[in-house]
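Data from start-v2.csv: CSV, C-alpha atoms
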chain,number,residue,atom,x,y,z
A,1,MET,CA,-9.4,-12.6,-16.6
A,2,ASP,CA,-9.4,-14.3,-13.3
A,3,ASN,CA,-12.5,-14.2,-11.1
A,4,PRO,CA,-11.3,-12.2,-8.0
A,5,LEU,CA,-13.6,-14.3,-5.8
A,6,GLN,CA,-12.3,-17.6,-7.0
A,7,SER,CA,-8.7,-17.9,-8.0
A,8,THR,CA,-7.4,-20.9,-10.0
A,9,PRO,CA,-3.9,-22.2,-9.0
A,10,LEU,CA,-1.2,-21.6,-11.6
A,11,PHE,CA,0.7,-24.6,-10.4
A,12,HIS,CA,1.4,-26.6,-7.2
A,13,LEU,CA,4.5,-26.8,-5.0
A,14,GLY,CA,3.7,-30.2,-3.5
A,15,PRO,CA,0.3,-29.8,-1.8
A,16,VAL,CA,0.5,-26.0,-1.8
A,17,PRO,CA,-1.4,-24.3,-4.6
A,18,VAL,CA,0.4,-21.2,-6.1
A,19,MET,CA,-2.0,-18.5,-7.4
A,20,PRO,CA,-1.2,-16.2,-10.3
A,21,ALA,CA,-1.4,-13.2,-8.0
A,22,VAL,CA,1.4,-14.7,-5.9
A,23,VAL,CA,3.7,-15.2,-8.9
A,24,VAL,CA,3.1,-11.6,-10.2
A,25,THR,CA,3.6,-10.3,-6.6
A,26,TRP,CA,7.0,-12.0,-6.3
A,27,VAL,CA,8.0,-10.7,-9.8
A,28,ILE,CA,7.1,-7.2,-8.7
A,29,MET,CA,9.0,-7.5,-5.5
A,30,ALA,CA,12.0,-8.8,-7.4
A,31,VAL,CA,11.8,-5.9,-9.9
A,32,LEU,CA,11.6,-3.3,-7.1
A,33,VAL,CA,14.4,-4.8,-5.1
A,34,GLY,CA,16.6,-5.3,-8.1
A,35,GLY,CA,15.8,-1.8,-9.4
A,36,ALA,CA,16.6,-0.3,-6.0
A,37,ILE,CA,20.0,-2.1,-5.9
A,38,LEU,CA,20.9,-1.0,-9.4
A,39,LEU,CA,19.8,2.6,-8.9
A,40,THR,CA,21.6,3.1,-5.6
A,41,ARG,CA,24.9,1.3,-6.1
A,42,ARG,CA,26.6,4.3,-7.7
A,43,LEU,CA,25.3,7.3,-5.9
A,44,SER,CA,27.2,10.5,-6.5
A,45,LEU,CA,27.5,14.0,-5.1
A,46,HIS,CA,27.0,15.1,-8.7
A,47,PRO,CA,23.7,13.2,-9.5
A,48,THR,CA,22.7,11.9,-12.8
A,49,ALA,CA,19.2,12.5,-14.2
A,50,THR,CA,18.2,9.1,-12.8
A,51,GLN,CA,19.6,9.8,-9.4
A,52,THR,CA,17.9,13.2,-9.4
A,53,ALA,CA,14.6,11.6,-10.2
A,54,MET,CA,15.0,9.1,-7.4
A,55,GLU,CA,16.0,11.8,-4.9
A,56,LEU,CA,12.9,13.8,-6.0
A,57,LEU,CA,10.7,10.7,-5.3
A,58,VAL,CA,12.3,10.3,-1.8
A,59,ASP,CA,11.9,14.0,-1.1
A,60,THR,CA,8.2,13.8,-2.2
A,61,ILE,CA,7.5,10.9,0.1
A,62,ASP,CA,9.4,12.6,3.0
A,63,GLY,CA,7.4,15.7,2.4
A,64,GLN,CA,4.1,13.9,2.4
A,65,ILE,CA,5.0,12.1,5.6
A,66,ARG,CA,6.1,15.3,7.3
A,67,ASP,CA,2.9,17.1,6.2
A,68,THR,CA,0.7,14.3,7.4
A,69,THR,CA,2.4,13.6,10.8
A,70,GLY,CA,4.4,16.7,11.5
A,71,ALA,CA,7.2,14.4,12.5
A,72,ALA,CA,10.6,13.4,11.0
A,73,PRO,CA,10.0,11.0,8.1
A,74,GLU,CA,12.9,8.7,8.7
A,75,PRO,CA,11.1,6.1,10.9
A,76,TYR,CA,8.3,5.7,8.4
A,77,ARG,CA,9.9,6.3,5.0
A,78,ALA,CA,10.8,2.7,4.3
A,79,PHE,CA,7.4,1.2,5.1
A,80,ILE,CA,5.2,4.0,3.5
A,81,GLY,CA,7.5,4.4,0.5
A,82,THR,CA,7.6,0.6,-0.1
A,83,LEU,CA,3.8,0.4,0.3
A,84,PHE,CA,3.2,3.1,-2.2
A,85,LEU,CA,5.7,1.8,-4.8
A,86,PHE,CA,4.4,-1.8,-4.5
A,87,ILE,CA,0.7,-0.8,-4.9
A,88,LEU,CA,1.5,1.6,-7.8
A,89,THR,CA,3.5,-1.0,-9.6
A,90,SER,CA,0.8,-3.7,-9.0
A,91,ASN,CA,-1.9,-1.4,-10.2
A,92,TRP,CA,0.0,-0.6,-13.4
A,93,THR,CA,0.5,-4.3,-14.3
A,94,SER,CA,-3.1,-4.2,-15.5
A,95,LEU,CA,-1.6,-2.6,-18.7
A,96,ILE,CA,0.2,-5.8,-19.5
A,97,PRO,CA,-2.0,-8.1,-21.6
A,98,GLY,CA,-3.0,-11.2,-19.8
A,99,ILE,CA,-1.9,-10.0,-16.4
A,100,THR,CA,-4.4,-9.4,-13.6
A,101,PRO,CA,-2.9,-7.0,-11.1
A,102,PRO,CA,-2.3,-8.5,-7.7
A,103,THR,CA,-4.3,-5.5,-6.2
A,104,ALA,CA,-7.3,-6.7,-8.1
A,105,MET,CA,-7.3,-9.8,-6.0
A,106,MET,CA,-8.9,-9.9,-2.6
A,107,GLU,CA,-6.1,-11.8,-1.0
A,108,THR,CA,-3.5,-9.3,-1.9
A,109,ASP,CA,-5.5,-6.3,-0.7
A,110,ALA,CA,-6.4,-8.1,2.5
A,111,ALA,CA,-2.7,-8.8,3.1
A,112,LEU,CA,-1.8,-5.1,2.5
A,113,ALA,CA,-4.5,-3.9,4.9
A,114,ALA,CA,-3.3,-6.4,7.5
A,115,LEU,CA,0.2,-5.0,7.1
A,116,VAL,CA,-1.1,-1.5,7.8
A,117,PHE,CA,-3.1,-2.9,10.9
A,118,VAL,CA,0.1,-4.5,12.3
A,119,SER,CA,2.2,-1.4,11.5
A,120,VAL,CA,-0.2,0.8,13.4
A,121,ILE,CA,0.3,-1.4,16.5
A,122,TRP,CA,4.1,-1.6,15.9
A,123,PHE,CA,4.7,2.1,15.7
A,124,GLY,CA,2.2,2.9,18.4
A,125,VAL,CA,3.9,0.5,20.8
A,126,ARG,CA,7.4,1.6,19.7
A,127,VAL,CA,6.6,5.2,20.8
A,128,GLY,CA,4.3,4.8,23.8
A,129,GLY,CA,5.0,1.2,24.9
A,130,VAL,CA,2.3,-1.4,25.3
A,131,GLY,CA,0.6,0.5,28.0
A,132,GLY,CA,0.6,3.8,26.2
A,133,TYR,CA,-0.8,2.2,23.0
A,134,LEU,CA,-3.5,0.4,24.9
A,135,ARG,CA,-4.4,3.5,26.9
A,136,GLY,CA,-5.0,5.3,23.6
A,137,PHE,CA,-8.2,3.3,23.2
A,138,ALA,CA,-9.6,5.0,26.2
A,139,LEU,CA,-9.5,8.4,24.6
A,140,PRO,CA,-11.4,10.7,25.1
A,141,ASN,CA,-12.9,8.5,27.9
A,142,PRO,CA,-13.0,4.8,28.8
A,143,VAL,CA,-16.6,4.5,27.5
A,144,MET,CA,-15.1,4.8,24.0
A,145,ILE,CA,-12.9,1.7,24.4
A,146,PRO,CA,-15.2,-0.8,22.5
A,147,LEU,CA,-15.9,1.8,19.7
A,148,ASN,CA,-12.2,2.7,19.3
A,149,MET,CA,-11.3,-1.0,19.1
A,150,LEU,CA,-14.0,-1.6,16.5
A,151,GLU,CA,-12.8,1.5,14.6
A,152,SER,CA,-9.3,0.1,14.3
A,153,ILE,CA,-10.7,-3.0,12.6
A,154,THR,CA,-13.3,-1.4,10.4
A,155,ARG,CA,-11.0,1.3,9.0
A,156,THR,CA,-8.5,-1.5,8.0
A,157,PHE,CA,-11.4,-3.3,6.3
A,158,SER,CA,-12.4,-0.1,4.5
A,159,MET,CA,-8.9,0.3,3.1
A,160,PHE,CA,-9.0,-3.3,1.7
A,161,VAL,CA,-12.5,-2.8,0.1
A,162,ARG,CA,-11.6,0.6,-1.4
A,163,LEU,CA,-8.4,-0.6,-3.0
A,164,PHE,CA,-9.9,-3.8,-4.3
A,165,GLY,CA,-13.1,-2.2,-5.6
A,166,ASN,CA,-11.4,0.6,-7.5
A,167,VAL,CA,-8.6,-1.5,-9.1
A,168,MET,CA,-11.0,-4.3,-10.0
A,169,ALA,CA,-13.4,-1.8,-11.6
A,170,GLY,CA,-10.7,-0.3,-13.7
A,171,VAL,CA,-9.6,-3.8,-14.9
A,172,PHE,CA,-13.1,-4.8,-15.8
A,173,VAL,CA,-13.8,-1.6,-17.7
A,174,VAL,CA,-10.7,-1.7,-19.8
A,175,ALA,CA,-11.2,-5.4,-20.5
A,176,ILE,CA,-14.8,-5.0,-21.6
A,177,VAL,CA,-14.1,-2.0,-23.8
A,178,ALA,CA,-11.1,-3.8,-25.4
A,179,SER,CA,-13.2,-6.9,-26.1
A,180,LEU,CA,-16.0,-4.8,-27.8
A,181,ALA,CA,-14.0,-2.0,-29.5
A,182,GLY,CA,-10.7,-3.5,-30.4
A,183,LEU,CA,-7.1,-2.8,-29.3
A,184,PHE,CA,-6.6,1.0,-29.8
A,185,VAL,CA,-9.9,2.4,-28.7
A,186,PRO,CA,-9.4,1.6,-25.0
A,187,ILE,CA,-6.0,3.6,-24.9
A,188,PRO,CA,-7.6,6.7,-23.3
A,189,LEU,CA,-9.3,4.4,-20.7
A,190,MET,CA,-5.9,2.7,-20.0
A,191,ALA,CA,-4.4,6.2,-19.4
A,192,LEU,CA,-7.3,6.9,-17.0
A,193,ASP,CA,-6.7,3.5,-15.4
A,194,MET,CA,-3.0,4.5,-14.8
A,195,LEU,CA,-4.1,7.7,-13.2
A,196,ILE,CA,-6.6,5.9,-11.0
A,197,GLY,CA,-4.0,3.3,-10.0
A,198,ALA,CA,-1.6,6.1,-9.0
A,199,VAL,CA,-4.3,7.9,-7.0
A,200,GLN,CA,-5.3,4.7,-5.2
A,201,ALA,CA,-1.7,3.9,-4.3
A,202,TYR,CA,-1.4,7.5,-2.9
A,203,ILE,CA,-4.6,7.3,-0.9
A,204,PHE,CA,-3.7,3.9,0.6
A,205,ALA,CA,-0.3,5.1,1.6
A,206,VAL,CA,-1.6,8.4,3.1
A,207,LEU,CA,-4.4,6.6,5.0
A,208,ALA,CA,-1.8,4.2,6.4
A,209,MET,CA,0.3,7.2,7.5
A,210,VAL,CA,-2.7,8.9,9.1
A,211,PHE,CA,-3.6,5.8,11.1
A,212,ILE,CA,0.0,5.3,12.2
A,213,ALA,CA,0.3,9.0,13.1
A,214,ALA,CA,-2.8,8.8,15.2
A,215,ALA,CA,-1.5,5.8,17.1
A,216,VAL,CA,1.9,7.4,17.7
A,217,GLU,CA,0.3,10.6,18.9
A,218,LYS,CA,-2.0,8.8,21.4
A,219,GLY,CA,0.9,6.7,22.7
A,220,ALA,CA,3.2,9.7,23.0
A,221,HIS,CA,0.6,11.7,24.9
A,222,LYS,CA,-0.2,8.9,27.3
A,223,ARG,CA,3.3,7.6,27.8
A,224,PRO,CA,4.2,7.7,31.6
A,225,LYS,CA,6.9,10.2,32.4
Any chance you could give the structure as structure tokens?
Amino acid sequence: MDNPLQSTPLFHLGPVPVMPAVVVTWVIMAVLVGGAILLTRRLSLHPTATQTAMELLVDTIDGQIRDTTGAAPEPYRAFIGTLFLFILTSNWTSLIPGITPPTAMMETDAALAALVFVSVIWFGVRVGGVGGYLRGFALPNPVMIPLNMLESITRTFSMFVRLFGNVMAGVFVVAIVASLAGLFVPIPLMALDMLIGAVQAYIFAVLAMVFIAAAVEKGAHKRPK
């Protein structure tokens, strides 16, 4: 298993090293995009079992967004849904022998946290404008501006650390038990690892939605009329 703090390039494209996590990430993206195209190209008013399952997934994501923000889910569905599915799929690649999940690598988790950081700014500016978003840092009073700015950075860092730590811990535990006890003994731990992977994907997506909702609410309240 790769050391998460020191990745070894899988190959080079000219002078650019390509890490294993990058290859696995692109494979996951290709699978998700290809699966989405195949599953949605023949939608019907009389849904099949597969279409029903997909509609249930979308409804669940919409319901979670609505419960978290109190707003219509359409503006956020694509980003939050994609974030959840990518992290879930990445976490579950730990079940494939010889594959280290991208979310067990610091670079991937840092990139995901950075996407959330940018999305908070994007949705905040989209609703309240640049001025409304920036004025949100002055709530409840201007004295809080430095702390609010620091909070926006530290909470993003905490998301990165939480995801990396939990996924990496699961990978280590399963790998150690498998090396000591054989192939079949770690199966219950692998099931637990799947559950933890799903929970971590859910928590990451919900936290992203909470941060976005907070920025949108501040921007909307402070937007000049």
Exercise. Could you work out how far CA of Val127 (chain A) lies from CA of Pro140 (chain A), giving the answer in Å with one decimal?
Worked result: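 Calculated distance between CA of Pro140 (chain A) and CA of Val127 (chain A) is 19.3 Å.
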Option closest in space to Val216 (chain A), from A:Ile96, A:Leu43, A:Leu134, A:Leu163 [counting only C-alpha atoms]: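 Of the candidates, the smallest distance to Val216 (chain A) is held by A:Leu134.
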Exercise. Quick one: of A:Ala215, A:Val31, A:Leu195, A:Ile87, who's nearest to Phe137 (chain A), counting all atoms listed in the file?
Worked result: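 Once distances to Phe137 (chain A) are computed over all atoms listed in the file, the minimum belongs to A:Ala215.
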Can you find the residues with an atom no farther than 6 Å from (-7.7, 1.2, 7.3), counting only C-alpha atoms, and report them as a VMD selection string? chain A and resid 155 to 159
Subject >> Top pick for closest residue to Pro75 (chain A), considering A:Ile145, A:Leu189, A:Trp122, A:Val24 and counting only C-alpha atoms >> reply: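 Under the stated criterion, the closest residue is A:Trp122.
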A straight line from CA of Gly124 (chain A) to CA of Thr25 (chain A) spans 28.3 Å
Here's a test: counting all atoms listed in the file, identify every protein, DNA and RNA residue with an atom at most 12 Å from (1.7, 0.7, -5.8) in the file's coordinate frame, and state them as number ranges by chain.
A: 25, 28-29, 32, 80-94, 101-104, 108-109, 112, 163, 167, 194-205
Using only C-alpha atoms, the residue out of A:Glu151, A:Thr100, A:Val118, A:Tyr133 with shortest distance to Met19 (chain A) is A:Thr100
**Message:** Between CA of Ala213 (chain A) and CA of Tyr76 (chain A), what distance in Å does the model show, to one decimal?
**Reply:**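 Going from CA of Ala213 (chain A) over to CA of Tyr76 (chain A) covers 9.8 Å.
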Residue with the minimum atom-to-atom distance to Val116 (chain A), picked from A:Ala36, A:Ala71, A:Ile61, A:Ala208 with all atoms listed in the file counted, is A:Ala208
Name all residues at most 9 Å from region 50-54 of chain A (count only C-alpha atoms; drop same-chain ones fewer than 6 positions away) and give them as number ranges by chain.
-> A: 39-40, 43-44
| request: Go through A:His12, A:Thr68, A:Ala113, A:Lys218 and flag the residue nearest Arg135 (chain A), using all atoms listed in the file for the distances. | output: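 Closest to Arg135 (chain A), using all atoms listed in the file: A:Lys218.
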